[in-house]
Structures are given as C-alpha cells and as structure tokens.
$ cat my_file.cif   # mmCIF, C-alpha atoms and all ligand atoms
data_my_file
loop_
_atom_site.label_atom_id
_atom_site.label_comp_id
_atom_site.auth_asym_id
_atom_site.auth_seq_id
_atom_site.Cartn_x
_atom_site.Cartn_y
_atom_site.Cartn_z
CA MET A 1 8.32 285.10 52.32
CA VAL A 2 5.22 287.17 53.08
CA LYS A 3 2.35 285.98 50.88
CA ASN A 4 1.46 289.47 49.63
CA THR A 5 4.99 290.11 48.40
CA ALA A 6 4.94 286.81 46.55
CA ASN A 7 1.60 287.69 44.98
CA LEU A 8 2.87 291.07 43.91
CA GLY A 9 5.97 289.38 42.50
CA GLU A 10 3.83 287.00 40.49
CA VAL A 11 1.71 289.88 39.19
CA ARG A 12 4.88 291.74 38.17
CA PHE A 13 6.40 288.73 36.44
CA ASN A 14 3.16 288.01 34.58
CA PHE A 15 2.98 291.68 33.58
CA ALA A 16 6.52 291.53 32.19
CA LYS A 17 5.83 288.20 30.46
CA LYS A 18 2.69 289.55 28.77
CA TYR A 19 4.52 292.73 27.81
CA PHE A 20 7.41 290.73 26.29
CA LYS A 21 5.05 288.43 24.34
CA GLU A 22 3.09 291.42 23.01
CA PHE A 23 6.29 293.26 22.11
CA VAL A 24 7.52 290.27 20.08
CA GLU A 25 4.11 289.50 18.58
CA GLU A 26 3.64 293.07 17.34
CA ARG A 27 7.03 292.83 15.60
CA ARG A 28 6.60 289.33 14.26
CA GLY A 29 8.70 288.67 11.17
CA ARG A 30 11.21 291.38 12.05
CA ILE A 31 12.40 290.59 15.56
CA GLU A 32 12.68 286.82 16.06
CA LYS A 33 16.16 286.48 14.56
CA LEU A 34 17.44 289.22 16.86
CA LEU A 35 16.34 287.76 20.18
CA LYS A 36 19.33 285.49 20.80
CA PRO A 37 22.40 287.54 19.90
CA SER A 38 25.82 285.94 20.19
CA GLU A 39 27.18 289.01 21.96
CA THR A 40 25.43 290.92 24.72
CA PRO A 41 24.43 293.47 25.94
CA VAL A 42 22.41 294.64 22.97
CA LEU A 43 19.71 297.27 22.64
CA LEU A 44 17.17 296.47 19.94
CA MET A 45 15.50 299.68 18.74
CA ASP A 46 12.36 299.46 16.66
CA LEU A 47 12.56 302.41 14.27
CA GLU A 48 9.18 301.66 12.76
CA GLY A 49 7.79 301.82 16.32
CA VAL A 50 9.58 305.13 16.95
CA ARG A 51 7.97 306.54 13.79
CA LYS A 52 4.53 305.37 14.96
CA LYS A 53 5.01 306.85 18.42
CA TYR A 54 5.91 310.22 16.91
CA LEU A 55 2.83 310.10 14.69
CA GLN A 56 0.68 309.17 17.68
CA VAL A 57 1.93 312.20 19.64
CA LYS A 58 1.52 314.43 16.59
CA TYR A 59 -2.01 313.15 15.97
CA ASN A 60 -3.14 313.65 19.56
CA PHE A 61 -1.37 316.98 20.02
CA SER A 62 -2.30 318.14 16.52
CA GLU A 63 -2.15 321.86 17.32
CA PHE A 64 1.38 321.47 18.70
CA ASN A 65 4.78 321.55 17.07
CA VAL A 66 6.54 318.41 18.30
CA TYR A 67 10.23 318.63 19.14
CA TYR A 68 11.81 315.28 20.00
CA ALA A 69 14.13 315.67 23.02
CA VAL A 70 17.33 314.18 21.62
CA LYS A 71 18.81 313.53 25.08
CA ALA A 72 16.48 310.53 25.48
CA ASN A 73 18.18 308.59 22.69
CA ASP A 74 20.62 310.24 20.29
CA ASP A 75 21.13 307.27 18.00
CA GLU A 76 21.57 308.24 14.36
CA GLY A 77 18.86 305.85 13.21
CA VAL A 78 16.35 307.30 15.67
CA ILE A 79 17.16 310.89 14.68
CA LYS A 80 17.01 310.10 10.93
CA THR A 81 13.69 308.30 11.31
CA LEU A 82 12.19 311.26 13.14
CA ALA A 83 13.65 313.83 10.75
CA GLU A 84 12.15 311.92 7.81
CA VAL A 85 8.70 311.92 9.36
CA GLY A 86 8.85 315.70 9.97
CA SER A 87 9.64 315.92 13.68
CA GLY A 88 11.33 318.93 15.20
CA PHE A 89 14.16 318.48 17.72
CA GLU A 90 15.04 319.81 21.14
CA VAL A 91 18.81 319.86 21.70
CA ALA A 92 21.03 320.76 24.63
CA SER A 93 24.55 320.70 23.24
CA THR A 94 26.68 321.37 20.18
CA GLU A 95 27.05 317.64 19.62
CA GLU A 96 23.28 317.03 19.68
CA LEU A 97 22.74 319.97 17.36
CA LYS A 98 25.36 318.67 14.90
CA ARG A 99 23.71 315.25 14.95
CA VAL A 100 20.26 316.56 14.07
CA LEU A 101 21.60 318.90 11.40
CA SER A 102 23.55 316.11 9.75
CA ALA A 103 20.39 313.95 9.80
CA GLY A 104 18.77 316.61 7.62
CA ALA A 105 16.71 318.55 10.18
CA ARG A 106 16.04 322.15 9.25
CA VAL A 107 17.28 324.71 11.74
CA GLU A 108 13.80 326.32 12.04
CA LYS A 109 12.66 323.01 13.51
CA ILE A 110 15.26 322.95 16.29
CA ILE A 111 14.90 324.49 19.74
CA SER A 112 16.94 324.42 22.93
CA SER A 113 14.98 324.30 26.17
CA ASN A 114 17.82 323.77 28.60
CA PRO A 115 17.72 327.04 30.56
CA VAL A 116 21.43 327.03 31.44
CA LYS A 117 23.61 326.57 28.36
CA PRO A 118 27.37 326.67 27.80
CA PRO A 119 28.33 329.92 25.98
CA GLU A 120 30.08 327.90 23.25
CA PHE A 121 26.86 326.08 22.50
CA ILE A 122 24.84 329.31 22.25
CA ASP A 123 27.52 330.67 19.95
CA PHE A 124 27.44 327.62 17.68
CA ALA A 125 23.61 327.47 17.69
CA TYR A 126 23.41 331.15 16.74
CA SER A 127 25.99 330.70 13.99
CA VAL A 128 23.86 328.01 12.33
CA GLY A 129 20.73 330.16 12.58
CA MET A 130 18.99 329.15 15.82
CA ARG A 131 17.17 332.10 17.33
CA THR A 132 15.03 330.65 20.15
CA PHE A 133 16.38 329.80 23.60
CA ALA A 134 15.05 329.01 27.07
CA ILE A 135 16.02 331.10 30.11
CA ASP A 136 15.39 330.97 33.84
CA SER A 137 17.96 333.36 35.29
CA PHE A 138 19.31 336.86 34.78
CA ALA A 139 22.73 335.40 34.04
CA GLU A 140 21.33 333.41 31.12
CA VAL A 141 19.64 336.54 29.75
CA ASP A 142 23.00 338.34 29.86
CA LYS A 143 24.68 335.46 28.05
CA ILE A 144 22.06 335.25 25.31
CA ALA A 145 21.87 339.03 24.84
CA ARG A 146 25.64 339.08 24.38
CA ILE A 147 26.15 335.98 22.22
CA ALA A 148 22.80 335.73 20.40
CA PRO A 149 21.40 339.29 20.29
CA ARG A 150 17.73 339.87 19.44
CA SER A 151 16.91 336.17 19.87
CA LYS A 152 13.53 334.97 21.09
CA VAL A 153 13.50 333.72 24.68
CA TYR A 154 11.05 331.66 26.70
CA VAL A 155 11.14 331.38 30.45
CA ARG A 156 10.99 328.13 32.42
CA LEU A 157 8.55 327.96 35.29
CA ALA A 158 9.06 325.66 38.26
CA VAL A 159 6.05 323.35 38.47
CA PRO A 160 5.16 320.35 40.64
CA ASN A 161 6.83 317.08 39.64
CA GLU A 162 4.89 314.91 42.10
CA GLY A 163 4.28 311.38 40.91
CA SER A 164 6.91 311.68 38.20
CA ASP A 165 9.44 308.86 38.45
CA TRP A 166 12.24 311.13 37.27
CA PRO A 167 11.64 314.62 38.77
CA LEU A 168 13.45 317.60 37.26
CA SER A 169 12.01 320.64 38.98
CA ARG A 170 14.61 321.27 41.67
CA LYS A 171 17.37 322.05 39.24
CA PHE A 172 15.50 324.38 36.88
CA GLY A 173 12.59 326.78 36.75
CA VAL A 174 11.44 329.86 38.65
CA SER A 175 8.27 331.18 40.29
CA VAL A 176 5.77 333.30 38.38
CA ASP A 177 7.04 336.46 40.14
CA LYS A 178 10.65 335.74 39.25
CA ALA A 179 9.76 334.70 35.70
CA LEU A 180 8.09 338.06 35.19
CA GLU A 181 11.19 339.90 36.39
CA ILE A 182 13.39 337.81 34.11
CA LEU A 183 11.15 338.48 31.09
CA GLU A 184 11.19 342.22 31.80
CA TYR A 185 14.95 342.09 32.09
CA ALA A 186 15.23 340.15 28.82
CA ASN A 187 13.05 342.76 27.13
CA SER A 188 15.28 345.56 28.43
CA LYS A 189 18.27 343.71 26.92
CA GLY A 190 16.76 343.71 23.44
CA LEU A 191 15.62 340.07 23.45
CA ILE A 192 12.17 339.09 22.18
CA THR A 193 10.10 337.73 25.04
CA TYR A 194 8.49 334.84 23.25
CA GLY A 195 6.92 332.42 25.70
CA ILE A 196 6.83 330.06 28.63
CA THR A 197 8.01 326.49 29.21
CA PHE A 198 7.83 323.99 32.06
CA HIS A 199 8.57 320.33 32.69
CA VAL A 200 6.19 318.21 34.76
CA GLY A 201 8.96 315.67 35.43
CA SER A 202 9.96 312.75 33.30
CA GLN A 203 7.75 309.64 33.35
CA CYS A 204 4.87 311.71 34.70
CA ASN A 205 1.79 309.76 35.70
CA ASN A 206 0.09 312.57 37.52
CA LEU A 207 -2.27 314.72 35.45
CA ARG A 208 -2.40 317.24 38.26
CA ASN A 209 1.15 318.33 37.40
CA TRP A 210 -0.06 319.50 33.97
CA PHE A 211 -3.04 321.17 35.63
CA ILE A 212 -0.94 323.28 38.00
CA ALA A 213 1.66 323.99 35.32
CA ILE A 214 -0.88 325.30 32.83
CA LYS A 215 -2.63 327.39 35.49
CA LEU A 216 0.70 328.96 36.50
CA SER A 217 1.56 329.57 32.86
CA ALA A 218 -1.78 331.32 32.28
CA GLU A 219 -1.16 333.52 35.29
CA LEU A 220 2.29 334.50 34.01
CA TRP A 221 0.89 335.02 30.50
CA GLU A 222 -1.70 337.53 31.80
CA ARG A 223 0.69 339.33 34.11
CA ALA A 224 3.25 339.68 31.32
CA ARG A 225 0.55 341.08 29.03
CA ALA A 226 -0.41 343.64 31.68
CA LYS A 227 3.22 344.79 31.61
CA GLY A 228 3.15 345.15 27.84
CA LEU A 229 5.00 341.91 27.10
CA LYS A 230 2.91 340.01 24.58
CA LEU A 231 3.95 336.38 24.77
CA GLN A 232 3.19 334.12 21.83
CA MET A 233 4.30 330.59 22.67
CA LEU A 234 3.59 327.96 25.30
CA ASN A 235 5.91 324.94 25.49
CA ILE A 236 4.63 322.14 27.72
CA GLY A 237 7.95 320.26 27.86
CA GLY A 238 8.20 316.48 28.11
CA GLY A 239 6.90 314.03 30.68
CA ILE A 240 4.82 311.62 28.56
CA PRO A 241 5.28 308.28 30.31
CA VAL A 242 5.70 304.77 28.96
CA ARG A 243 4.88 301.39 30.46
CA TYR A 244 7.58 300.05 32.81
CA ASN A 245 6.60 297.47 35.39
CA TYR A 246 3.16 299.08 35.62
CA GLU A 247 0.68 300.55 33.15
CA SER A 248 1.14 304.26 32.46
CA LEU A 249 -1.09 307.14 31.37
CA ARG A 250 -1.81 307.08 27.64
CA VAL A 251 -0.77 309.90 25.35
CA GLU A 252 -4.35 310.34 24.13
CA ASP A 253 -5.61 310.85 27.67
CA ILE A 254 -2.90 313.38 28.48
CA ALA A 255 -3.60 315.24 25.22
CA TYR A 256 -7.35 315.33 25.90
CA TYR A 257 -6.78 316.65 29.41
CA VAL A 258 -4.15 319.22 28.40
CA LYS A 259 -6.28 320.53 25.55
CA GLY A 260 -9.21 320.94 27.95
CA LEU A 261 -6.98 322.92 30.33
CA LEU A 262 -5.78 325.13 27.50
CA ARG A 263 -9.36 325.91 26.47
CA LYS A 264 -10.18 326.84 30.03
CA TYR A 265 -7.10 328.80 31.03
CA PHE A 266 -6.04 330.17 27.63
CA PRO A 267 -9.29 331.36 26.04
CA ILE A 268 -7.10 332.95 23.37
CA GLN A 269 -4.79 330.16 22.23
CA PRO A 270 -1.10 330.99 22.13
CA TYR A 271 0.10 331.64 18.61
CA GLU A 272 2.42 328.64 18.91
CA LEU A 273 2.15 325.51 21.05
CA GLN A 274 5.14 323.25 21.54
CA ILE A 275 5.73 319.87 23.15
CA GLU A 276 9.09 318.14 23.52
CA PRO A 277 8.71 314.47 24.39
CA GLY A 278 11.75 312.22 24.73
CA ARG A 279 10.85 309.11 26.71
CA GLY A 280 7.32 309.04 25.29
CA ILE A 281 8.69 308.56 21.75
CA VAL A 282 11.52 306.06 22.27
CA GLY A 283 11.12 304.54 25.76
CA ASP A 284 8.96 301.54 24.95
CA GLN A 285 10.52 300.92 21.53
CA GLY A 286 13.76 299.52 22.94
CA LEU A 287 14.44 296.02 24.25
CA MET A 288 17.70 295.44 26.09
CA ILE A 289 19.07 291.92 25.86
CA THR A 290 21.52 290.93 28.56
CA ARG A 291 22.84 287.64 29.85
CA VAL A 292 23.06 286.17 33.31
CA ILE A 293 26.73 285.96 34.28
CA GLY A 294 26.41 284.74 37.85
CA LYS A 295 24.20 283.81 40.80
CA ALA A 296 24.78 283.82 44.53
CA GLU A 297 23.03 283.73 47.86
CA ARG A 298 24.30 286.55 50.03
CA GLY A 299 22.98 288.03 53.23
CA GLY A 300 19.69 286.23 52.85
CA GLU A 301 19.17 287.55 49.32
CA ASN A 302 19.30 285.78 45.97
CA TRP A 303 21.63 287.69 43.70
CA LEU A 304 21.53 287.52 39.95
CA TYR A 305 24.38 289.19 38.05
CA ILE A 306 23.97 290.37 34.47
CA ASP A 307 26.38 291.65 31.82
CA THR A 308 25.22 295.25 31.91
CA GLY A 309 24.54 297.63 34.78
CA VAL A 310 23.90 301.13 35.98
CA PHE A 311 27.16 302.42 34.51
CA ASN A 312 26.73 301.01 31.03
CA GLY A 313 23.08 301.45 30.18
CA LEU A 314 20.79 301.24 33.16
CA ALA A 315 21.63 304.46 35.02
CA GLU A 316 17.99 305.31 35.58
CA ALA A 317 17.68 302.25 37.80
CA LEU A 318 19.55 304.33 40.40
CA GLY A 319 16.64 306.76 40.49
CA GLY A 320 13.01 306.00 40.07
CA ILE A 321 12.83 303.75 37.01
CA ARG A 322 11.71 300.14 37.54
CA TYR A 323 12.27 298.06 34.44
CA PRO A 324 10.24 294.95 33.63
CA PHE A 325 12.47 291.84 33.43
CA TYR A 326 11.69 288.66 31.61
CA LEU A 327 13.46 285.36 31.00
CA GLU A 328 12.23 282.37 29.09
CA ARG A 329 11.98 279.72 31.79
CA GLU A 330 9.08 278.14 33.57
CA GLY A 331 8.94 277.18 37.21
CA GLU A 332 8.49 278.59 40.65
CA LEU A 333 9.26 282.29 40.99
CA LYS A 334 12.06 283.41 43.28
CA GLU A 335 12.83 286.90 44.49
CA TRP A 336 16.11 288.30 43.13
CA THR A 337 18.35 291.30 43.53
CA VAL A 338 19.76 292.06 40.09
CA GLY A 339 23.40 293.15 40.23
CA GLY A 340 25.22 294.94 37.41
CA VAL A 341 28.42 293.78 35.77
CA SER A 342 30.89 296.21 37.38
CA CYS A 343 32.80 295.87 40.64
CA ASP A 344 31.03 298.83 42.20
CA SER A 345 28.59 298.02 44.98
CA MET A 346 26.37 300.85 43.78
CA ASP A 347 25.82 298.90 40.60
CA VAL A 348 22.52 297.29 41.58
CA VAL A 349 19.93 297.31 38.83
CA ALA A 350 16.84 296.25 40.78
CA LYS A 351 15.64 294.64 43.96
CA GLY A 352 12.58 292.50 44.54
CA VAL A 353 12.49 291.10 41.00
CA PHE A 354 10.54 287.85 40.69
CA LEU A 355 11.82 285.40 38.11
CA PRO A 356 12.06 281.64 37.63
CA GLU A 357 15.50 280.27 38.52
CA PRO A 358 17.83 281.01 35.56
CA GLU A 359 21.10 279.35 34.59
CA VAL A 360 24.28 281.28 33.96
CA GLY A 361 24.23 282.13 30.24
CA ASP A 362 20.45 282.67 30.05
CA TYR A 363 19.18 285.74 28.25
CA LEU A 364 17.50 288.30 30.49
CA TYR A 365 15.22 290.68 28.60
CA ILE A 366 14.73 294.22 29.89
CA LEU A 367 11.71 295.98 28.42
CA SER A 368 11.15 299.70 27.89
CA ALA A 369 14.88 300.32 27.63
CA GLY A 370 14.75 302.74 24.69
CA ALA A 371 15.11 306.00 26.63
CA TYR A 372 17.93 307.31 28.80
CA THR A 373 19.97 304.11 28.58
CA THR A 374 22.69 304.23 25.89
CA VAL A 375 22.98 308.02 26.24
CA TYR A 376 24.03 307.64 29.87
CA ALA A 377 26.29 304.65 29.32
CA SER A 378 30.04 304.67 30.02
CA ASN A 379 32.73 302.02 29.67
CA PHE A 380 33.37 301.89 33.42
CA ASN A 381 35.54 298.90 34.37
CA GLY A 382 36.15 298.30 30.68
CA PHE A 383 32.71 296.84 30.05
CA PRO A 384 31.03 297.64 26.74
CA LYS A 385 28.04 299.86 26.22
CA PRO A 386 25.09 297.99 24.76
CA LYS A 387 25.43 297.61 21.01
CA VAL A 388 22.45 299.24 19.31
CA ILE A 389 20.68 297.24 16.62
CA ASN A 390 18.00 299.15 14.77
CA PHE A 391 15.32 297.10 13.09
C1 LIG A 401 14.16 320.60 28.61
C2 LIG A 401 13.68 319.22 28.45
N1 LIG A 401 12.75 318.98 27.51
C3 LIG A 401 12.29 317.71 27.28
C4 LIG A 401 12.76 316.65 28.02
C5 LIG A 401 12.24 315.28 27.72
O1 LIG A 401 11.50 314.80 28.76
P1 LIG A 401 10.80 313.40 28.68
O2 LIG A 401 11.81 312.41 28.32
O3 LIG A 401 10.20 313.21 30.02
O4 LIG A 401 9.72 313.49 27.63
C6 LIG A 401 13.71 316.87 29.03
C7 LIG A 401 14.21 315.76 29.85
O5 LIG A 401 15.05 315.85 30.68
C8 LIG A 401 14.18 318.18 29.24
O6 LIG A 401 15.12 318.46 30.16
#
$ encode --input "my_file.cif" --output "structure tokens" --more "lines below"
Ligand SMILES: Cc1ncc(COP(=O)(O)O)c(C=O)c1O
Amino acid sequence: MVKNTANLGEVRFNFAKKYFKEFVEERRGRIEKLLKPSETPVLLMDLEGVRKKYLQVKYNFSEFNVYYAVKANDDEGVIKTLAEVGSGFEVASTEELKRVLSAGARVEKIISSNPVKPPEFIDFAYSVGMRTFAIDSFAEVDKIARIAPRSKVYVRLAVPNEGSDWPLSRKFGVSVDKALEILEYANSKGLITYGITFHVGSQCNNLRNWFIAIKLSAELWERARAKGLKLQMLNIGGGIPVRYNYESLRVEDIAYYVKGLLRKYFPIQPYELQIEPGRGIVGDQGLMITRVIGKAERGGENWLYIDTGVFNGLAEALGGIRYPFYLEREGELKEWTVGGVSCDSMDVVAKGVFLPEPEVGDYLYILSAGAYTTVYASNFNGFPKPKVINF
C-alpha cells in the first residue's frame, strides 16, 4: 500500500471516529440505549437536532422565509418538528403536500420549486390554495395558466454547480435571456411574474456558485424591470452542505457571504427572500446503524458486506456522497470496499474505506445519513428499508 493512501485513510478514520464520538457525546442521555439495536438497518433521527438546525438557518438567514425541502427526508416526525417551530415547506408532489398539510403546516407557508410538475399535482395544490409555482419553460407556463390561473410564478435560472457533490443544474434552469422570454410569456398568459430561483447544487462547498447565481439573478431582475415586469421575490434554493468525510462550509459563513452579495447586487432588497434547504437541516442529524454480514478478499480488494446498500438507503453513494464510517474496534487499519446487501454488482457503497478488521455481526455506523437516504430507499431483493427511530 502506498504510504500516502494509508495516511489519508488514517486521517479519514480518525475524522469519522471523532465525528461519531462528538455525535454521541452531544446527545448523551438520549442516544446510548439506541446504539445497539437488535434489528438493523436503522436510521436514528435526532428531532431536537433538526429543530436546532432549522433555528440556526433561520437565525443566520433572518431576512429570509425558510422552506424546508421535504424531499430530503419526508418522515412524519421531521415534518411535525419543523411545522411546530414555524418552518415553511417546499414540496414537489401531491403526497409531500398532503404530508405537510396533515402535519399542520399552513398553505401560505408552502411553495413548490420544482419547475416541471405533473398537472395533477398543480391541480391538487391549487385546490388547497397554493398560488406560487416555479417555471423554467413555456410548456410549464401553459400548464399553470390553464390549471392554476392568475398564480404567481418564479423562474429558475441555470447557475454553476461546480464543487457541489450532488449537481442539479443540467436538468433544470434557463439562461437569463430565456428566463426573460419565459417571464414575458407568463405575463401575457395572465400569471403574476413574482421572482427568480436557482439551485447551486446540493452539498455545495463552493461560495463562487452563490456569487455567480446572485449576479445572474440581479441581471435578470434589472432586465425584467426594464420591460415593465416588477419582480418581488428572490429564492436562493438549497445547497447548504453538511459534514461527510470532510469538513464543510458553515451556514453562518454562507449566510454572511450571501447577504454581502445581496447588498452589493440588490441595492433595493427584494420584497421577499426565500431559502429552501433540505440536506442542511436534516443531513447531519441522522445516524444509520448497519451490521457487517460478510467479508471476503476478491481481486486484491478487501470486501466488507453490510445489511443495507444503495437500493435501500444509500443511493447517494452512487453519485458524489462519501459517508463517514465508524466501527468500535481498535487495531491496524485496513482498506475496504463496502458492498451493499443486494445481489446487484452496482450495489457498492464505498471504496477506499479504512477501518480496523471487523467481525461478521459488528455494527457499522454511517454518519450524516439524515438526508436523501430513506426517501430513496426501495425493497429491492426483498431487503428492508432502514427503520426510522426518532429520538
Ligand atoms: C427545488 C429544490 N429546492 C431545494 C432542494 C434542496 O436542496 P438541498 O438538499 O441541497 O438543500 C432541492 C434538492 O434537490 C430542490 O430540487
């Protein structure tokens, strides 16, 4: 093994170990009895932590209305906790909307920023009183004008997603020129041209993405005004990162930077500012507990198999997300490839993970598993989704 790789492995393992110890220490008295469940996989969600994370975002982005992006974790306990503390919600489907309404959220505090929505969803949203929708195409304008007449619309700009572990910009968003055309078209269809949105990419650790996005938004804002379209709202989307196997930007630093940009590029503040974090609220409040179900040496690699995988909870491992792993053993570190529980060869959770040699049956702890895990999970191969335990 090359020495540098081993050193990096040791750094990573120590990072995960420290993270795990801190996570447990900060929840002392509430979490200990949950750490060795008889059945796995389990996702422990700290609802008190979720509440604190919301308040931290709200405090730092005090001028903003905060809409929690339900797609990150749609658990009833999470939604109820956030509704109780006054959060708004960003929803993408009828089911998400029903969930937040039944948790007691008021419809005025619900938005939908997905720019391409099923007609049935728009219809249902309109019937319960939602009047604000995102757009980024002429076809969406037609749909909203027909199903939800006179609604407020905000257009999604395409912005750089560089340095974001989970980029989103290829699928949605338009240029400033196109956005202007779409807004004019929406206006001609009797919709209220309300504002602008963008997404810098999920798990964004690159402040420059916010910089370019806000500059582009200011340009669109001015050009729309010159055409007689007075926009009122700027929605800066999600993107707030959490710690995975490296330290991430802090919400206070992002807020400080974004507010500075707004002062510079929006000398007259928009009437309404919105932010819709998902991962940044729930990501680091979830601990996944799995168990080692097998070990093997194959093709020169050490394989470790666990009882969950990319199809039942860890889908983001297929993209850019690198979870921290921890197990409670001492001893020399070995490099492992972590395989998921299913028969599919795509089901590989991580490579290059350094851990002490475990035994079959050991608990393997996966940190920062609170976002985009259970919501993506299926029962592929008949394996269970992680059971959620709120504490
Ligand atoms: C429209 C929209 N808003 C907000 C979010 C939440 O993003 P994040 O989890 O990065 O905060 C997403 C994520 O996909 C999204 O698509």
$ closest_residue --input "my_file.cif" --among "A:Pro324, A:Gly294, A:Gly331, A:Pro241" --to "ligand LIG 401 (chain A)" --atoms "only C-alpha atoms and all ligand atoms"
A:Pro241
$ closest_atom_pairs --input "my_file.cif" --of "segment 186-257 of chain A" --to "segment 19-35 of chain A" --cutoff "12 Å" --atoms "all atoms listed in the file" --output "CSV"
residue,atom,partner,partner_atom,distance
A:Arg243,CA,A:Tyr19,CA,9.1
A:Tyr244,CA,A:Tyr19,CA,9.4
A:Asn245,CA,A:Tyr19,CA,9.2
A:Tyr246,CA,A:Tyr19,CA,10.2
A:Glu247,CA,A:Tyr19,CA,10.2
$ atom_distance --input "my_file.cif" --atom1 "atom CA of Val176 of chain A" --atom2 "atom CA of Ile196 of chain A"
10.3 Å
$ residues_near_ligand --input "my_file.cif" --ligand "ligand LIG 401 (chain A)" --cutoff "6 Å" --atoms "all atoms listed in the file" --output "MDAnalysis selection string"
chainID A and resid 69 72 113:114 202:203 237:240 276:280
$ write_last_selection --input "my_file.cif" --atoms "C-alpha atoms" --output "PDB file, in the coordinates of the input"
ATOM      1  CA  ALA A  69      14.130 315.670  23.020  1.00  0.00           C
ATOM      2  CA  ALA A  72      16.480 310.530  25.480  1.00  0.00           C
ATOM      3  CA  SER A 113      14.980 324.300  26.170  1.00  0.00           C
ATOM      4  CA  ASN A 114      17.820 323.770  28.600  1.00  0.00           C
ATOM      5  CA  SER A 202       9.960 312.750  33.300  1.00  0.00           C
ATOM      6  CA  GLN A 203       7.750 309.640  33.350  1.00  0.00           C
ATOM      7  CA  GLY A 237       7.950 320.260  27.860  1.00  0.00           C
ATOM      8  CA  GLY A 238       8.200 316.480  28.110  1.00  0.00           C
ATOM      9  CA  GLY A 239       6.900 314.030  30.680  1.00  0.00           C
ATOM     10  CA  ILE A 240       4.820 311.620  28.560  1.00  0.00           C
ATOM     11  CA  GLU A 276       9.090 318.140  23.520  1.00  0.00           C
ATOM     12  CA  PRO A 277       8.710 314.470  24.390  1.00  0.00           C
ATOM     13  CA  GLY A 278      11.750 312.220  24.730  1.00  0.00           C
ATOM     14  CA  ARG A 279      10.850 309.110  26.710  1.00  0.00           C
ATOM     15  CA  GLY A 280       7.320 309.040  25.290  1.00  0.00           C
TER      16      GLY A 280
END
$ closest_residue --input "my_file.cif" --among "A:Ile306, A:Ala103, A:Val174, A:Leu191" --to "Ile144 of chain A" --atoms "only C-alpha atoms"
A:Leu191
$ atom_distance --input "my_file.cif" --atom1 "atom CA of Tyr154 of chain A" --atom2 "atom CA of Gln232 of chain A"
9.6 Å
$ residues_near_point --input "my_file.cif" --point "(2.7, 313.0, 37.4)" --cutoff "7 Å" --atoms "all atoms listed in the file" --output "PyMOL selection string"
chain A and resi 161-164+200+204-209
$ residues_around --input "my_file.cif" --residues "Met45 of chain A" --least-positions-apart "6" --cutoff "8 Å" --atoms "only C-alpha atoms" --output "MDAnalysis selection string"
chainID A and resid 285:287 370 388:391
